[in-house]
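These notes are about the structure you will find just below.
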Amino acid sequence: MSEVNIPSIPDLGSRSDEITIFAGPCSVESVEQFDEVAACVAGLGLTWIRGGAFKPRTNPHSFQGLGEEALKIMRDAGEKHGLKTLTEVMDSAHCELVHSYVDGLQVGARNFQNFSLLKKIGQVTATSHKMVLYKRGFAGTIAEWLAATDYLTAEGNDNVVLCERGIRTFETATRFTLDIAAVPVIHKQSLCPVCIDVSHPAGQRDLVPSLAFAAVAAGADSLMIEVHPNPPAALSDGPQQLTPAQFEVLVAKLREIAAVFGKRIV
């Protein structure tokens, strides 16, 4: 079956000389944990911190997130350190609640084609124009992804970032297969900025830097990188999270690479 041709989506912003990093732990676990990461992120001159409040786990017995308590922790840390906050919305019933606490709302891969949720987020952000970071499903095509973006923008919020986070293939050496070609393809077909989540396709922290370097070289407008003070003790996705010290080293290298392309990391 041939792909549907998707026209460029108008008025969704222009390419920038800045590369935004959305950094933070997979899950918000405590005030102390999140504050330590926030201090690191702010200390590096970055602008956004992310963290999971409601967690879509494959196993229902796994940690499900702290819910509203996590949202309060994020809000307080953001205000303390001067950072914008981003978290995932899992359910339409949570949209207003999440919207009231954070600066950006994330649609996760498992809700890629949850059209009722996409519509609701579009409605809730119609006036505020808060950023919506929309992750590609691990079995979704780029054409399906771009088409579904209209559910988010239909009510007037064009502040949408498309996040490639790896697709599922026959390869088992990595957690997912990063589709790096998605960056130039989307740039050809849409004005939406493109984010690359380099943690989930890696699945292992030692692979994260290489994927981040590739993302910058491919022209990504932003990166998502998971950071945790003590990854072995993390309640979710510990193996793929960097320590603050490792993250600092990575950001320094990314700034050098970004400069080659006339860009800067923020």
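Chain labels run A, B, ... following the order of the structure tokens; each chain numbers its residues from 1, and ligands are numbered from 1 in the order shown.
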Please report as CSV every residue of stretch 200-234 of chain A lying within 8 Å of stretch 183-190 of chain A, along with the nearest atom pair and their distance in Å (one decimal), using only C-alpha atoms.
residue,atom,partner,partner_atom,distance
A:Ala218,CA,A:Val183,CA,6.6
A:Gly219,CA,A:Val183,CA,6.6
A:Ala220,CA,A:Val183,CA,6.1
TODO: From a DSSP calculation on the backbone, collect every residue of stretch 4-164 of chain A in strand (DSSP E or B) and output the set as a ChimeraX atom specification.
DONE: /A:18-24,27,48-50,52,84-88,104-107,131-135,160-164
Task: 10 Å contact set for A:Asp197, only C-alpha atoms, chain neighbours under 6 positions out, as a list in words - done: Ile21, Phe22, Ala23, Lys135, Cys163, Glu164, Arg165, Gly166, Leu178, Val208, Leu211, Ala212, Ala215, Ser222, Leu223, Met224, Ile225 and Glu226 of chain A
Sorted by chain and rising residue number, which residues of stretch 170-208 of chain A lie within 8 Å of stretch 236-245 of chain A, and what are their closest atom pairs and distances in Å to one decimal, counting only C-alpha atoms, as a Markdown table?
| residue | atom | partner | partner_atom | distance |
| --- | --- | --- | --- | --- |
| A:Ser199 | CA | A:Gln240 | CA | 5.7 |
| A:His200 | CA | A:Gln240 | CA | 7.1 |
| A:Ala202 | CA | A:Gln240 | CA | 6.8 |
| A:Gly203 | CA | A:Gln240 | CA | 4.8 |
| A:Gln204 | CA | A:Gln240 | CA | 4.3 |
| A:Arg205 | CA | A:Gln240 | CA | 4.3 |
| A:Asp206 | CA | A:Gln240 | CA | 8.0 |
| A:Val208 | CA | A:Gln240 | CA | 7.6 |
Open item on the list: I'd like the neighbourhood of A:Thr125 as a ChimeraX atom specification, where a residue qualifies if any of its atoms comes within 8 Å (using only C-alpha atoms), though same-chain residues fewer than 4 positions away should be ignored.
Closed with: /A:99,121,129-130,157
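Residue nearest A:Val107, chosen from A:Ser30, A:Ser92, A:Thr47, A:Thr177 and counting only C-alpha atoms: A:Ser92.
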Identify, on the basis of only C-alpha atoms, every residue whose closest approach to A:Ser100 does not exceed 10 Å; exclude the query and any residue fewer than 4 positions from it along the same chain; express the result as a PDB file with N, CA and C atoms, in the first residue's frame.
ATOM      1  N   LEU A  71       2.968  16.066  39.804  1.00  0.00           N
ATOM      2  CA  LEU A  71       2.735  17.345  39.134  1.00  0.00           C
ATOM      3  C   LEU A  71       3.110  18.514  40.042  1.00  0.00           C
ATOM      4  N   ARG A  75       5.965  21.289  39.311  1.00  0.00           N
ATOM      5  CA  ARG A  75       5.659  22.727  39.331  1.00  0.00           C
ATOM      6  C   ARG A  75       6.598  23.473  40.277  1.00  0.00           C
ATOM      7  N   CYS A  95      -6.586  15.702  31.439  1.00  0.00           N
ATOM      8  CA  CYS A  95      -6.067  16.805  30.630  1.00  0.00           C
ATOM      9  C   CYS A  95      -6.076  18.143  31.358  1.00  0.00           C
ATOM     10  N   GLU A  96      -7.223  18.503  31.943  1.00  0.00           N
ATOM     11  CA  GLU A  96      -7.303  19.795  32.634  1.00  0.00           C
ATOM     12  C   GLU A  96      -6.366  19.840  33.833  1.00  0.00           C
ATOM     13  N   VAL A 124      -8.117  21.602  25.193  1.00  0.00           N
ATOM     14  CA  VAL A 124      -7.633  22.152  26.461  1.00  0.00           C
ATOM     15  C   VAL A 124      -6.537  23.200  26.239  1.00  0.00           C
TER      16      VAL A 124
END
Task: Residue list (alpha helix (DSSP H), DSSP) for stretch 78-194 of chain A, as a VMD selection string - done: chain A and resid 78 to 81 95 to 101 115 to 124 142 to 153 182 to 189
Residues from last step as file, N, CA and C atoms, as a CSV table (one decimal), in the first residue's frame:
chain,number,residue,atom,x,y,z
A,78,GLY,N,10.2,23.6,38.9
A,78,GLY,CA,10.2,24.5,37.8
A,78,GLY,C,10.3,25.9,38.3
A,79,GLU,N,9.4,26.3,39.2
A,79,GLU,CA,9.4,27.6,39.7
A,79,GLU,C,10.7,28.0,40.5
A,80,LYS,N,11.3,27.0,41.2
A,80,LYS,CA,12.5,27.2,42.0
A,80,LYS,C,13.7,27.4,41.1
A,81,HIS,N,13.8,26.7,40.0
A,81,HIS,CA,15.0,26.7,39.2
A,81,HIS,C,14.8,27.5,37.9
A,95,CYS,N,-6.6,15.7,31.4
A,95,CYS,CA,-6.1,16.8,30.6
A,95,CYS,C,-6.1,18.1,31.4
A,96,GLU,N,-7.2,18.5,31.9
A,96,GLU,CA,-7.3,19.8,32.6
A,96,GLU,C,-6.4,19.8,33.8
A,97,LEU,N,-6.3,18.7,34.6
A,97,LEU,CA,-5.4,18.7,35.7
A,97,LEU,C,-4.0,18.9,35.3
A,98,VAL,N,-3.5,18.1,34.4
A,98,VAL,CA,-2.1,18.2,33.9
A,98,VAL,C,-1.8,19.6,33.4
A,99,HIS,N,-2.8,20.1,32.6
A,99,HIS,CA,-2.6,21.5,32.0
A,99,HIS,C,-2.5,22.5,33.0
A,100,SER,N,-3.1,22.4,34.2
A,100,SER,CA,-3.0,23.4,35.2
A,100,SER,C,-1.7,23.5,35.9
A,101,TYR,N,-0.9,22.4,35.8
A,101,TYR,CA,0.4,22.4,36.5
A,101,TYR,C,1.6,22.6,35.6
A,115,PHE,N,-7.5,9.0,19.4
A,115,PHE,CA,-7.9,10.3,18.8
A,115,PHE,C,-8.8,11.1,19.7
A,116,SER,N,-9.5,10.4,20.6
A,116,SER,CA,-10.3,11.2,21.6
A,116,SER,C,-9.4,12.0,22.5
A,117,LEU,N,-8.2,11.4,22.9
A,117,LEU,CA,-7.3,12.1,23.7
A,117,LEU,C,-6.6,13.2,23.0
A,118,LEU,N,-6.3,13.0,21.7
A,118,LEU,CA,-5.7,14.1,20.9
A,118,LEU,C,-6.6,15.2,20.8
A,119,LYS,N,-7.9,15.0,20.5
A,119,LYS,CA,-8.9,16.0,20.4
A,119,LYS,C,-9.0,16.8,21.7
A,120,LYS,N,-9.0,16.1,22.8
A,120,LYS,CA,-9.2,16.7,24.1
A,120,LYS,C,-8.0,17.6,24.4
A,121,ILE,N,-6.8,17.2,24.2
A,121,ILE,CA,-5.6,18.0,24.4
A,121,ILE,C,-5.7,19.2,23.5
A,122,GLY,N,-6.1,19.1,22.3
A,122,GLY,CA,-6.2,20.2,21.4
A,122,GLY,C,-7.2,21.2,21.9
A,123,GLN,N,-8.3,20.8,22.5
A,123,GLN,CA,-9.3,21.7,23.1
A,123,GLN,C,-8.8,22.4,24.3
A,124,VAL,N,-8.1,21.6,25.2
A,124,VAL,CA,-7.6,22.2,26.5
A,124,VAL,C,-6.5,23.2,26.2
A,142,ILE,N,5.0,7.6,9.2
A,142,ILE,CA,5.1,9.1,9.2
A,142,ILE,C,3.8,9.7,8.7
A,143,ALA,N,3.3,9.1,7.6
A,143,ALA,CA,2.0,9.7,7.1
A,143,ALA,C,0.9,9.6,8.1
A,144,GLU,N,0.8,8.5,8.8
A,144,GLU,CA,-0.3,8.4,9.9
A,144,GLU,C,0.0,9.5,11.0
A,145,TRP,N,1.2,9.6,11.3
A,145,TRP,CA,1.6,10.6,12.4
A,145,TRP,C,1.2,12.0,12.0
A,146,LEU,N,1.6,12.4,10.8
A,146,LEU,CA,1.3,13.8,10.4
A,146,LEU,C,-0.2,14.0,10.2
A,147,ALA,N,-0.9,13.0,9.7
A,147,ALA,CA,-2.3,13.2,9.6
A,147,ALA,C,-3.0,13.4,10.9
A,148,ALA,N,-2.6,12.6,11.9
A,148,ALA,CA,-3.2,12.6,13.3
A,148,ALA,C,-2.9,13.9,14.0
A,149,THR,N,-1.8,14.6,13.6
A,149,THR,CA,-1.4,15.9,14.2
A,149,THR,C,-2.6,16.9,14.1
A,150,ASP,N,-3.4,16.8,13.0
A,150,ASP,CA,-4.5,17.7,12.8
A,150,ASP,C,-5.5,17.6,14.0
A,151,TYR,N,-5.6,16.5,14.6
A,151,TYR,CA,-6.5,16.4,15.8
A,151,TYR,C,-6.0,17.4,16.9
A,152,LEU,N,-4.7,17.5,17.0
A,152,LEU,CA,-4.2,18.4,18.0
A,152,LEU,C,-4.3,19.9,17.7
A,153,THR,N,-4.2,20.2,16.4
A,153,THR,CA,-4.1,21.6,15.9
A,153,THR,C,-5.5,22.1,15.5
A,182,ALA,N,13.4,10.1,9.8
A,182,ALA,CA,12.2,10.9,10.1
A,182,ALA,C,12.4,12.4,10.2
A,183,VAL,N,13.6,12.8,10.6
A,183,VAL,CA,13.9,14.2,10.8
A,183,VAL,C,13.8,14.9,9.4
A,184,PRO,N,14.6,14.6,8.4
A,184,PRO,CA,14.5,15.3,7.2
A,184,PRO,C,13.2,15.1,6.4
A,185,VAL,N,12.6,13.9,6.6
A,185,VAL,CA,11.3,13.6,6.0
A,185,VAL,C,10.2,14.6,6.5
A,186,ILE,N,10.1,14.7,7.8
A,186,ILE,CA,9.1,15.6,8.4
A,186,ILE,C,9.4,17.0,8.1
A,187,HIS,N,10.7,17.4,8.0
A,187,HIS,CA,11.0,18.8,7.7
A,187,HIS,C,10.6,19.1,6.2
A,188,LYS,N,10.5,18.1,5.4
A,188,LYS,CA,10.0,18.3,4.0
A,188,LYS,C,8.5,18.4,4.0
A,189,GLN,N,7.8,17.8,4.8
A,189,GLN,CA,6.4,17.7,4.7
A,189,GLN,C,5.6,18.5,5.8
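Put simply, atom CA of A:Ala38 is 9.2 Å away from atom CA of A:Gly82.
Taking atom CA of A:Phe34 as the reference point, atom CA of A:Met74 is found at 7.4 Å.
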TODO: Measuring atom to atom with only C-alpha atoms, identify which of A:Leu207, A:Asp35, A:Cys40, A:Asn111 is nearest to A:Ala139.
DONE: A:Asn111
Identify, on the basis of only C-alpha atoms, every residue whose closest approach to A:Met131 does not exceed 7 Å; exclude the query and any residue fewer than 3 positions from it along the same chain; express the result as a PDB file with C-alpha atoms, in the first residue's frame.
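Done, and the output landed in selection-v5.pdb:
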ATOM      1  CA  ASP A 103       4.063  24.178  30.614  1.00  0.00           C
ATOM      2  CA  GLY A 104       3.984  21.361  28.081  1.00  0.00           C
ATOM      3  CA  LEU A 105       1.833  18.272  27.569  1.00  0.00           C
ATOM      4  CA  ASN A 159       2.491  24.752  19.136  1.00  0.00           C
ATOM      5  CA  VAL A 160       3.127  21.073  18.391  1.00  0.00           C
TER       6      VAL A 160
END
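Of note, atom CA of A:His228 and atom CA of A:Pro25 are spaced 5.0 Å apart.
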